Structure formats: structure tokens, C-alpha cells
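Containing PDB, C-alpha atoms, pLDDT in the B column: final.pdb.
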```pdb
ATOM      1  CA  MET E   1      15.606  17.582  27.235  1.00 98.00           C
ATOM      2  CA  ILE E   2      19.223  17.866  26.138  1.00 98.00           C
ATOM      3  CA  ASP E   3      20.979  15.860  23.437  1.00 98.00           C
ATOM      4  CA  ALA E   4      23.636  14.475  25.768  1.00 98.00           C
ATOM      5  CA  ASP E   5      25.364  12.422  23.037  1.00 97.00           C
ATOM      6  CA  ILE E   6      26.862  15.562  21.544  1.00 97.00           C
ATOM      7  CA  ILE E   7      27.928  16.987  24.899  1.00 97.00           C
ATOM      8  CA  ALA E   8      29.434  13.643  25.955  1.00 98.00           C
ATOM      9  CA  TYR E   9      31.443  13.219  22.752  1.00 97.00           C
ATOM     10  CA  LYS E  10      32.862  16.741  22.786  1.00 96.00           C
ATOM     11  CA  ALA E  11      33.708  16.525  26.480  1.00 97.00           C
ATOM     12  CA  ALA E  12      35.415  13.149  26.007  1.00 97.00           C
ATOM     13  CA  CYS E  13      37.590  14.529  23.207  1.00 97.00           C
ATOM     14  CA  TYR E  14      38.603  17.382  25.496  1.00 96.00           C
ATOM     15  CA  LEU E  15      39.269  15.092  28.463  1.00 96.00           C
ATOM     16  CA  ASP E  16      41.427  12.741  26.397  1.00 96.00           C
ATOM     17  CA  THR E  17      43.840  15.663  26.120  1.00 95.00           C
ATOM     18  CA  GLU E  18      43.344  17.481  29.405  1.00 95.00           C
ATOM     19  CA  GLY E  19      42.764  14.511  31.723  1.00 95.00           C
ATOM     20  CA  LEU E  20      39.779  13.165  33.657  1.00 94.00           C
ATOM     21  CA  ASP E  21      40.423  15.557  36.557  1.00 95.00           C
ATOM     22  CA  GLU E  22      38.570  18.124  34.440  1.00 94.00           C
ATOM     23  CA  LEU E  23      35.506  15.883  33.961  1.00 96.00           C
ATOM     24  CA  GLU E  24      33.197  17.416  36.578  1.00 96.00           C
ATOM     25  CA  SER E  25      33.860  21.051  35.733  1.00 96.00           C
ATOM     26  CA  ARG E  26      33.811  20.458  31.983  1.00 96.00           C
ATOM     27  CA  LEU E  27      30.450  18.670  31.990  1.00 96.00           C
ATOM     28  CA  SER E  28      28.871  21.069  34.458  1.00 95.00           C
ATOM     29  CA  ASP E  29      29.850  24.004  32.237  1.00 96.00           C
ATOM     30  CA  ASP E  30      28.654  22.293  29.047  1.00 96.00           C
ATOM     31  CA  VAL E  31      25.273  21.271  30.473  1.00 96.00           C
ATOM     32  CA  LEU E  32      24.765  24.789  31.838  1.00 94.00           C
ATOM     33  CA  LYS E  33      25.533  26.304  28.411  1.00 95.00           C
ATOM     34  CA  TRP E  34      22.950  23.985  26.867  1.00 96.00           C
ATOM     35  CA  THR E  35      20.224  24.891  29.371  1.00 95.00           C
ATOM     36  CA  PRO E  36      17.875  27.656  28.112  1.00 90.00           C
ATOM     37  CA  ASP E  37      17.266  30.661  30.370  1.00 88.00           C
ATOM     38  CA  GLY E  38      14.428  30.156  32.799  1.00 87.00           C
ATOM     39  CA  VAL E  39      14.640  26.364  32.748  1.00 87.00           C
ATOM     40  CA  ASP E  40      15.183  24.703  36.123  1.00 82.00           C
ATOM     41  CA  THR E  41      14.498  21.047  35.260  1.00 92.00           C
ATOM     42  CA  ILE E  42      16.589  19.180  32.710  1.00 96.00           C
ATOM     43  CA  VAL E  43      16.762  15.632  31.388  1.00 98.00           C
ATOM     44  CA  LEU E  44      19.770  14.318  29.466  1.00 98.00           C
ATOM     45  CA  ALA E  45      18.917  11.993  26.559  1.00 98.00           C
ATOM     46  CA  LEU E  46      21.509   9.326  25.750  1.00 98.00           C
ATOM     47  CA  SER E  47      21.505   6.927  22.790  1.00 98.00           C
ATOM     48  CA  CYS E  48      21.623   3.151  22.818  1.00 97.00           C
ATOM     49  CA  SER E  49      24.567   1.459  21.108  1.00 94.00           C
ATOM     50  CA  ARG E  50      24.509   1.747  17.318  1.00 93.00           C
ATOM     51  CA  LYS E  51      24.306  -2.037  16.828  1.00 94.00           C
ATOM     52  CA  ASN E  52      21.093  -2.152  18.900  1.00 96.00           C
ATOM     53  CA  ASN E  53      19.401   0.744  17.108  1.00 97.00           C
ATOM     54  CA  PHE E  54      16.031  -0.417  15.784  1.00 98.00           C
ATOM     55  CA  ARG E  55      16.739   1.120  12.351  1.00 98.00           C
ATOM     56  CA  ARG E  56      19.299  -1.591  11.671  1.00 97.00           C
ATOM     57  CA  ASP E  57      16.450  -4.109  11.610  1.00 96.00           C
ATOM     58  CA  PHE E  58      15.423  -2.824   8.176  1.00 95.00           C
ATOM     59  CA  TRP E  59      18.498  -0.874   7.005  1.00 97.00           C
ATOM     60  CA  GLY E  60      21.728  -2.574   8.037  1.00 96.00           C
ATOM     61  CA  ASP E  61      23.920   0.256   6.743  1.00 95.00           C
ATOM     62  CA  TYR E  62      22.470   2.782   9.162  1.00 96.00           C
ATOM     63  CA  LYS E  63      25.471   4.646  10.653  1.00 95.00           C
ATOM     64  CA  LYS E  64      27.563   1.589   9.784  1.00 93.00           C
ATOM     65  CA  LYS E  65      30.589   3.650   8.747  1.00 87.00           C
ATOM     66  CA  ARG E  66      30.863   4.933  12.304  1.00 87.00           C
ATOM     67  CA  ASP E  67      31.359   1.392  13.633  1.00 85.00           C
ATOM     68  CA  SER E  68      34.948   1.418  12.393  1.00 82.00           C
ATOM     69  CA  GLN E  69      35.713   4.842  13.854  1.00 85.00           C
ATOM     70  CA  ASP E  70      37.453   5.015  17.215  1.00 88.00           C
ATOM     71  CA  SER E  71      35.532   6.705  20.002  1.00 92.00           C
ATOM     72  CA  PRO E  72      37.298   9.001  22.485  1.00 96.00           C
ATOM     73  CA  ASP E  73      38.943   6.988  25.261  1.00 96.00           C
ATOM     74  CA  SER E  74      37.042   8.910  27.946  1.00 96.00           C
ATOM     75  CA  LEU E  75      33.564   8.471  26.445  1.00 97.00           C
ATOM     76  CA  ASN E  76      32.448   5.662  28.757  1.00 96.00           C
ATOM     77  CA  GLU E  77      33.584   7.576  31.844  1.00 96.00           C
ATOM     78  CA  VAL E  78      31.723  10.659  30.650  1.00 97.00           C
ATOM     79  CA  ARG E  79      28.496   8.713  30.065  1.00 97.00           C
ATOM     80  CA  GLU E  80      28.745   7.032  33.465  1.00 97.00           C
ATOM     81  CA  TYR E  81      29.262  10.381  35.168  1.00 97.00           C
ATOM     82  CA  MET E  82      26.200  11.777  33.380  1.00 97.00           C
ATOM     83  CA  LEU E  83      24.089   8.808  34.462  1.00 97.00           C
ATOM     84  CA  ASP E  84      25.231   9.180  38.082  1.00 97.00           C
ATOM     85  CA  THR E  85      24.876  12.960  38.245  1.00 96.00           C
ATOM     86  CA  TRP E  86      21.828  14.050  36.229  1.00 97.00           C
ATOM     87  CA  ASP E  87      18.350  12.825  35.439  1.00 97.00           C
ATOM     88  CA  CYS E  88      19.079  10.817  32.290  1.00 98.00           C
ATOM     89  CA  LEU E  89      16.812   9.008  29.857  1.00 98.00           C
ATOM     90  CA  THR E  90      18.005   6.081  27.765  1.00 98.00           C
ATOM     91  CA  GLU E  91      16.183   3.170  26.102  1.00 98.00           C
ATOM     92  CA  PRO E  92      17.685  -0.096  24.753  1.00 96.00           C
ATOM     93  CA  ARG E  93      16.922   0.504  21.051  1.00 98.00           C
ATOM     94  CA  LEU E  94      16.422   4.256  20.721  1.00 98.00           C
ATOM     95  CA  GLU E  95      18.687   7.169  19.897  1.00 98.00           C
ATOM     96  CA  ALA E  96      18.772  10.378  21.868  1.00 98.00           C
ATOM     97  CA  ASP E  97      17.008  11.966  18.868  1.00 98.00           C
ATOM     98  CA  ASP E  98      14.065   9.602  19.315  1.00 98.00           C
ATOM     99  CA  LEU E  99      13.802  10.330  23.032  1.00 98.00           C
ATOM    100  CA  ILE E 100      13.883  14.055  22.364  1.00 98.00           C
ATOM    101  CA  GLY E 101      11.405  13.653  19.501  1.00 98.00           C
ATOM    102  CA  ILE E 102       8.920  11.866  21.756  1.00 98.00           C
ATOM    103  CA  GLY E 103       9.331  14.421  24.530  1.00 98.00           C
ATOM    104  CA  VAL E 104       9.147  17.491  22.322  1.00 98.00           C
ATOM    105  CA  SER E 105       6.155  16.325  20.251  1.00 98.00           C
ATOM    106  CA  SER E 106       4.280  15.616  23.492  1.00 97.00           C
ATOM    107  CA  GLU E 107       4.958  19.278  24.372  1.00 94.00           C
ATOM    108  CA  GLU E 108       6.292  18.228  27.757  1.00 94.00           C
ATOM    109  CA  TYR E 109       9.851  19.259  26.907  1.00 96.00           C
ATOM    110  CA  VAL E 110      11.917  21.763  25.000  1.00 97.00           C
ATOM    111  CA  GLY E 111      14.399  19.903  22.789  1.00 98.00           C
ATOM    112  CA  VAL E 112      17.978  21.181  23.032  1.00 98.00           C
ATOM    113  CA  THR E 113      20.361  20.135  20.268  1.00 97.00           C
ATOM    114  CA  ILE E 114      22.390  21.414  17.325  1.00 96.00           C
ATOM    115  CA  ASP E 115      21.260  18.445  15.188  1.00 94.00           C
ATOM    116  CA  LYS E 116      19.246  19.527  12.131  1.00 93.00           C
ATOM    117  CA  ASP E 117      17.346  16.212  12.099  1.00 93.00           C
ATOM    118  CA  LEU E 118      15.172  17.415  14.986  1.00 96.00           C
ATOM    119  CA  LYS E 119      13.520  19.812  12.535  1.00 96.00           C
ATOM    120  CA  THR E 120      11.297  16.830  11.705  1.00 97.00           C
ATOM    121  CA  ILE E 121       9.720  17.119  15.160  1.00 98.00           C
ATOM    122  CA  PRO E 122       6.868  19.538  15.961  1.00 98.00           C
ATOM    123  CA  GLY E 123       7.168  21.388  19.242  1.00 98.00           C
ATOM    124  CA  TYR E 124       9.544  23.670  21.137  1.00 97.00           C
ATOM    125  CA  HIS E 125      13.257  23.683  20.266  1.00 97.00           C
ATOM    126  CA  TRP E 126      16.418  25.497  21.181  1.00 97.00           C
ATOM    127  CA  ASN E 127      19.713  25.344  19.267  1.00 97.00           C
ATOM    128  CA  PRO E 128      22.377  26.711  21.646  1.00 95.00           C
ATOM    129  CA  ASP E 129      24.634  27.594  18.685  1.00 94.00           C
ATOM    130  CA  LYS E 130      22.007  29.571  16.738  1.00 94.00           C
ATOM    131  CA  ASP E 131      18.905  30.504  18.706  1.00 93.00           C
ATOM    132  CA  ASP E 132      18.513  33.522  20.954  1.00 91.00           C
ATOM    133  CA  ASP E 133      15.154  32.258  22.161  1.00 93.00           C
ATOM    134  CA  ILE E 134      13.187  29.024  22.239  1.00 95.00           C
ATOM    135  CA  ARG E 135      11.341  28.535  18.925  1.00 96.00           C
ATOM    136  CA  TYR E 136       8.324  26.514  17.876  1.00 98.00           C
ATOM    137  CA  ILE E 137       8.216  24.179  14.861  1.00 98.00           C
ATOM    138  CA  SER E 138       4.714  23.538  13.569  1.00 98.00           C
ATOM    139  CA  GLU E 139       3.524  20.080  12.600  1.00 97.00           C
ATOM    140  CA  GLU E 140       3.246  21.249   8.990  1.00 97.00           C
ATOM    141  CA  ASP E 141       6.878  22.429   8.891  1.00 98.00           C
ATOM    142  CA  ALA E 142       8.096  19.297  10.697  1.00 98.00           C
ATOM    143  CA  ASP E 143       6.262  17.019   8.253  1.00 97.00           C
ATOM    144  CA  ARG E 144       7.654  18.926   5.293  1.00 98.00           C
ATOM    145  CA  PHE E 145      11.218  18.499   6.556  1.00 98.00           C
ATOM    146  CA  PHE E 146      10.577  14.775   7.058  1.00 98.00           C
ATOM    147  CA  TYR E 147       9.326  14.337   3.482  1.00 98.00           C
ATOM    148  CA  THR E 148      12.329  16.275   2.197  1.00 98.00           C
ATOM    149  CA  GLN E 149      14.670  13.965   4.096  1.00 98.00           C
ATOM    150  CA  TRP E 150      12.782  10.904   2.876  1.00 98.00           C
ATOM    151  CA  MET E 151      13.808  11.896  -0.638  1.00 98.00           C
ATOM    152  CA  THR E 152      17.328  13.135   0.035  1.00 98.00           C
ATOM    153  CA  GLY E 153      18.398  10.591   2.641  1.00 97.00           C
ATOM    154  CA  ASP E 154      21.361  11.437   4.850  1.00 96.00           C
ATOM    155  CA  SER E 155      24.809  10.394   3.623  1.00 93.00           C
ATOM    156  CA  THR E 156      26.318  11.067   7.055  1.00 92.00           C
ATOM    157  CA  ASP E 157      24.101   8.346   8.523  1.00 95.00           C
ATOM    158  CA  GLY E 158      24.438   5.955   5.569  1.00 96.00           C
ATOM    159  CA  ILE E 159      20.922   6.636   4.242  1.00 97.00           C
ATOM    160  CA  PRO E 160      21.168   7.012   0.446  1.00 97.00           C
ATOM    161  CA  GLY E 161      17.631   8.181  -0.369  1.00 98.00           C
ATOM    162  CA  LEU E 162      16.833   8.878  -4.015  1.00 98.00           C
ATOM    163  CA  TRP E 163      19.686   9.187  -6.476  1.00 96.00           C
ATOM    164  CA  ARG E 164      20.462  12.776  -7.526  1.00 94.00           C
ATOM    165  CA  ILE E 165      17.764  14.322  -5.349  1.00 97.00           C
ATOM    166  CA  GLY E 166      19.215  16.994  -3.085  1.00 97.00           C
ATOM    167  CA  PRO E 167      17.443  19.370  -0.691  1.00 97.00           C
ATOM    168  CA  LYS E 168      16.696  22.075  -3.296  1.00 97.00           C
ATOM    169  CA  LYS E 169      15.257  19.582  -5.771  1.00 98.00           C
ATOM    170  CA  ALA E 170      13.202  17.933  -3.035  1.00 98.00           C
ATOM    171  CA  GLU E 171      11.801  21.306  -1.944  1.00 98.00           C
ATOM    172  CA  LYS E 172      10.815  22.161  -5.517  1.00 98.00           C
ATOM    173  CA  LEU E 173       9.064  18.832  -5.929  1.00 98.00           C
ATOM    174  CA  LEU E 174       7.044  19.304  -2.744  1.00 98.00           C
ATOM    175  CA  ASP E 175       6.076  22.804  -3.902  1.00 98.00           C
ATOM    176  CA  SER E 176       4.905  21.436  -7.264  1.00 98.00           C
ATOM    177  CA  TRP E 177       2.742  18.660  -5.772  1.00 97.00           C
ATOM    178  CA  ASP E 178      -0.552  18.742  -3.952  1.00 96.00           C
ATOM    179  CA  LYS E 179       0.202  17.946  -0.314  1.00 95.00           C
ATOM    180  CA  ASN E 180      -2.178  14.982  -0.391  1.00 94.00           C
ATOM    181  CA  GLU E 181      -0.001  13.450  -3.133  1.00 95.00           C
ATOM    182  CA  TRP E 182       3.380  13.782  -1.420  1.00 97.00           C
ATOM    183  CA  GLU E 183       3.579  10.232  -0.110  1.00 96.00           C
ATOM    184  CA  GLU E 184       2.290   8.586  -3.271  1.00 96.00           C
ATOM    185  CA  ASN E 185       4.607  10.622  -5.519  1.00 97.00           C
ATOM    186  CA  ILE E 186       7.672   9.889  -3.388  1.00 97.00           C
ATOM    187  CA  ILE E 187       6.892   6.168  -3.388  1.00 96.00           C
ATOM    188  CA  ASP E 188       6.455   6.330  -7.179  1.00 97.00           C
ATOM    189  CA  MET E 189       9.917   7.898  -7.449  1.00 97.00           C
ATOM    190  CA  TYR E 190      11.367   5.067  -5.383  1.00 97.00           C
ATOM    191  CA  ASN E 191       9.899   2.715  -7.989  1.00 96.00           C
ATOM    192  CA  GLU E 192      11.590   4.487 -10.913  1.00 96.00           C
ATOM    193  CA  ASP E 193      14.928   3.100 -12.066  1.00 94.00           C
ATOM    194  CA  LYS E 194      16.466   6.516 -12.736  1.00 96.00           C
ATOM    195  CA  TYR E 195      16.289   7.415  -9.036  1.00 96.00           C
ATOM    196  CA  GLN E 196      17.647   4.139  -7.677  1.00 93.00           C
ATOM    197  CA  PRO E 197      21.000   4.012  -5.858  1.00 94.00           C
ATOM    198  CA  GLU E 198      22.644   0.631  -5.246  1.00 92.00           C
ATOM    199  CA  HIS E 199      20.654  -1.611  -2.922  1.00 93.00           C
ATOM    200  CA  SER E 200      19.196  -5.094  -2.796  1.00 94.00           C
ATOM    201  CA  LEU E 201      15.653  -4.398  -1.573  1.00 96.00           C
ATOM    202  CA  ALA E 202      12.434  -4.364  -3.576  1.00 96.00           C
ATOM    203  CA  PRO E 203      11.486  -0.733  -4.392  1.00 96.00           C
ATOM    204  CA  ASN E 204       8.630  -0.429  -1.881  1.00 95.00           C
ATOM    205  CA  LEU E 205      10.707  -2.025   0.891  1.00 96.00           C
ATOM    206  CA  PHE E 206      13.574   0.317   0.073  1.00 97.00           C
ATOM    207  CA  ALA E 207      11.209   3.303   0.178  1.00 97.00           C
ATOM    208  CA  MET E 208       9.996   2.245   3.624  1.00 97.00           C
ATOM    209  CA  ALA E 209      13.532   1.600   4.874  1.00 97.00           C
ATOM    210  CA  MET E 210      14.545   5.119   3.840  1.00 98.00           C
ATOM    211  CA  ALA E 211      11.480   6.741   5.410  1.00 98.00           C
ATOM    212  CA  ARG E 212      11.842   4.864   8.685  1.00 98.00           C
ATOM    213  CA  SER E 213      15.587   5.521   8.830  1.00 98.00           C
ATOM    214  CA  VAL E 214      15.157   9.297   8.662  1.00 98.00           C
ATOM    215  CA  ARG E 215      11.984   9.317  10.735  1.00 97.00           C
ATOM    216  CA  ILE E 216      12.543  10.397  14.343  1.00 98.00           C
ATOM    217  CA  LEU E 217       9.967   8.940  16.698  1.00 98.00           C
ATOM    218  CA  ARG E 218       7.149  11.141  17.945  1.00 98.00           C
ATOM    219  CA  ASP E 219       4.757  10.959  20.865  1.00 98.00           C
ATOM    220  CA  GLY E 220       2.637   7.799  20.653  1.00 97.00           C
ATOM    221  CA  GLU E 221       5.176   5.873  18.553  1.00 98.00           C
ATOM    222  CA  TYR E 222       6.957   4.189  21.464  1.00 98.00           C
ATOM    223  CA  ASN E 223       5.677   2.370  24.534  1.00 98.00           C
ATOM    224  CA  PHE E 224       8.094   2.844  27.435  1.00 97.00           C
ATOM    225  CA  GLU E 225       6.588  -0.073  29.347  1.00 97.00           C
ATOM    226  CA  THR E 226       6.690  -2.712  26.592  1.00 98.00           C
ATOM    227  CA  GLN E 227       9.490  -1.080  24.527  1.00 97.00           C
ATOM    228  CA  GLU E 228       7.292  -1.556  21.469  1.00 98.00           C
ATOM    229  CA  ILE E 229       8.007   0.756  18.520  1.00 98.00           C
ATOM    230  CA  LYS E 230       5.209   1.855  16.203  1.00 97.00           C
ATOM    231  CA  LEU E 231       6.895   2.157  12.806  1.00 96.00           C
ATOM    232  CA  TRP E 232       5.685   4.935  10.538  1.00 96.00           C
ATOM    233  CA  LYS E 233       3.430   3.905   7.651  1.00 94.00           C
ATOM    234  CA  PRO E 234       2.399   6.036   4.689  1.00 92.00           C
ATOM    235  CA  MET E 235      -1.211   6.412   3.663  1.00 82.00           C
ATOM    236  CA  VAL E 236      -1.334   6.460  -0.128  1.00 68.00           C
ATOM    237  CA  GLY E 237      -4.122   6.840  -2.633  1.00 51.00           C
ATOM    238  CA  SER E 238      -6.384   9.720  -3.624  1.00 42.00           C
ATOM    239  CA  ASN E 239      -8.160   9.684  -0.246  1.00 46.00           C
ATOM    240  CA  ASN E 240      -5.084   8.838   1.861  1.00 43.00           C
ATOM    241  CA  SER E 241      -6.775   5.677   3.091  1.00 41.00           C
ATOM    242  CA  LYS E 242      -4.829   2.863   1.455  1.00 45.00           C
ATOM    243  CA  GLU E 243      -1.892   1.549   3.467  1.00 47.00           C
ATOM    244  CA  ILE E 244       1.094  -0.095   1.831  1.00 52.00           C
TER     245      ILE E 244
END
```
Here is a file; write its structure as C-alpha cells.
Amino acid sequence: MIDADIIAYKAACYLDTEGLDELESRLSDDVLKWTPDGVDTIVLALSCSRKNNFRRDFWGDYKKKRDSQDSPDSLNEVREYMLDTWDCLTEPRLEADDLIGIGVSSEEYVGVTIDKDLKTIPGYHWNPDKDDDIRYISEEDADRFFYTQWMTGDSTDGIPGLWRIGPKKAEKLLDSWDKNEWEENIIDMYNEDKYQPEHSLAPNLFAMAMARSVRILRDGEYNFETQEIKLWKPMVGSNNSKEI
């Protein structure tokens, strides 16, 4: 399953300069480059519009800065060509990342993208810019990357996270804690004034908004028939049994 958002955007930028006559050959070449050796069945994952993304229900600033940025003029034509030409998957409120996350964690697909956020998803991955071969991310490593991002946020996507907590600090904190205490300790940090960026939510609501903003959906967290999303919930307490 290929992250078609990235391919579409890059192709549209190219076509704005070179002209739409190059559309077919450009996209065919790009999709081929992003298809791992030995794979004969591909699905292109395309995102919903940013304003319809379910993350905006609880964090209105999610990717908000991008709303004011102009998209390439050819982007709509590129997306339409993809939809007409390949087997594409798109859902009204999900990003391509979520679709890939669901597919990869079900182990029905290899996820193909250059986006680091997919490191939060267990399963088979291939980064066409870095990987010689398909690689496997364990559930333990995927969870660890998710908890790191929960603390750091993602400034590119308008997710502030905890103030003054970068990736190295987050990694050190996880190393210093018992794994069963990760969730509780992170939530405690979100309740401490010294870690608070500017926001208007109560600390626990802010903590959940940050977690759910960086969380990419996995298998079992979306119903394709009802379009119901199962939002992630932490289990806190000494025995991991108390929901907040």
C-alpha cells in the first residue's frame, strides 16, 4: 500500500512546470519506483481533505497552517488520474497514513512511504529513499515511537506536545521508566505546569488530544462499513486497568 499523497504532490509540482501532457508517464514512473521488487499488487492510499480529518474534532490546530498554503494547480487532476487508473483506497475522515497503518498492522500489506510517522505502526515497511529491502517493525518498537511522539508532538503538523521535550529527552525518559508506567508518567507530565505550551484545554484533555493527534490508526480501530473510529485510550494505574 503506497502513500499516494506524497507521489501526487510531487508529480503535481512537476506537472505545473512541464504540463499535463507528462501526467501519465510521470505517475507511471513514480508508482513503479515506489513498488518494492517482487510485488505485483498495489493499492494507492489517498487522504481525505484536511478539514474533514477526524483529528480536528479534538485538536483544531491539526495541520491548520497548511490550510493557507497554496496547493499545486495540477493536484486535483493528478488525484483524479490516480483514482481512474489504479486500485485506490480513500475514506471520508482518514489520512493516507491511517489507511496504511490499518493495512500494515493487519499484516495484509507492506507500507510504502518516506514518512517517519509510520514508524508507529507494527508490520512490514519499505522506505524507497532509504531501504534496500522490506523491513519489519515490531509492536514494541512501534509503541515506543508512539510514546516518544506523544511527548514531543510534531510541530510540522501543529501538534505542540510537551514544552521543551525533544526526541532525545523523550527517549531518555522512556529508558528511565518501567514500561508499565509510561502512560501514567506521560499523563502526569501533561499535568505539570512547567511542561505546558499554550492551549485552552484541561490537562487530561490536552494529553488525550496530543496522543490521538500523533496516533496513526491500526487494525481494529476503524470500521470500514460504519466509518466508526475507535479512538485510542490509555490504561493507567499500577495494574494498567484504570481508564481515564
Hey, can I get the axis-aligned box for stretch 96-113 of chain E? All listed atoms, 6 Å padding on each side, centre and edge lengths in Å to one decimal, as lines of an AutoDock Vina configuration file.
```
center_x = 12.3
center_y = 15.7
center_z = 23.3
size_x = 28.1
size_y = 24.2
size_z = 20.9
```
Query raised in the report: Which neighbours of E:Asp117 fall inside 9 Å, counting all atoms listed in the file, when residues of the same chain fewer than 2 positions from it are skipped, and could you give them as a PyMOL selection string?
Result: chain E and resi 97+114-115+119-121+145-146+149+214-216
Query - E:Leu94 surroundings by all atoms listed in the file, 8 Å radius, close-in-sequence under 5 positions cut, as JSON, numbers by chain - result: {"E": [47, 48, 53, 54, 99]}
Those residues you just picked out, can you put them in a file as a PDB file, in the coordinates of the input with C-alpha atoms?
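See out10.pdb below for the written result:
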```
ATOM      1  CA  SER E  47      21.505   6.927  22.790  1.00 98.00           C
ATOM      2  CA  CYS E  48      21.623   3.151  22.818  1.00 97.00           C
ATOM      3  CA  ASN E  53      19.401   0.744  17.108  1.00 97.00           C
ATOM      4  CA  PHE E  54      16.031  -0.417  15.784  1.00 98.00           C
ATOM      5  CA  LEU E  99      13.802  10.330  23.032  1.00 98.00           C
TER       6      LEU E  99
END
```
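Atom CA of E:Arg164 lies 7.0 Å from atom CA of E:Tyr195.
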Please write as an mmCIF file with C-alpha atoms, keeping the file's coordinate frame the full residue list that the PyMOL selection byres ((chain E and resi 150) around 7) yields on this file.
```
data_model
loop_
_atom_site.group_PDB
_atom_site.id
_atom_site.type_symbol
_atom_site.label_atom_id
_atom_site.label_comp_id
_atom_site.auth_asym_id
_atom_site.auth_seq_id
_atom_site.Cartn_x
_atom_site.Cartn_y
_atom_site.Cartn_z
ATOM 1 C CA PHE E 146 10.577 14.775 7.058
ATOM 2 C CA TYR E 147 9.326 14.337 3.482
ATOM 3 C CA THR E 148 12.329 16.275 2.197
ATOM 4 C CA GLN E 149 14.670 13.965 4.096
ATOM 5 C CA MET E 151 13.808 11.896 -0.638
ATOM 6 C CA THR E 152 17.328 13.135 0.035
ATOM 7 C CA GLY E 153 18.398 10.591 2.641
ATOM 8 C CA GLY E 161 17.631 8.181 -0.369
ATOM 9 C CA MET E 210 14.545 5.119 3.840
ATOM 10 C CA ALA E 211 11.480 6.741 5.410
ATOM 11 C CA VAL E 214 15.157 9.297 8.662
#
```
Report task. Let me know the residues the PyMOL selection byres ((chain E and resi 191) around 12) catches in the file above, as a list in words. Result ->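 Going through the file, the PyMOL selection byres ((chain E and resi 191) around 12) ends up selecting Leu162, Trp163, Glu184, Asn185, Ile186, Ile187, Asp188, Met189, Tyr190, Glu192, Asp193, Lys194, Tyr195, Gln196, Pro197, Leu201, Ala202, Pro203, Asn204, Leu205, Phe206, Ala207 and Met208 of chain E.
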Requested in this report: Report the distance between atom CA of E:Trp182 and atom CA of E:Glu95 in Å, rounded to one decimal place.
Outcome: 27.1 Å
Query raised in the report: Which residues fall under the PyMOL selection byres ((chain E and resi 81) around 12) in this file, as an NGL selection string?
Result: :E and (4 or 8 or 11-12 or 20 or 23-28 or 44 or 74-80 or 82-88)
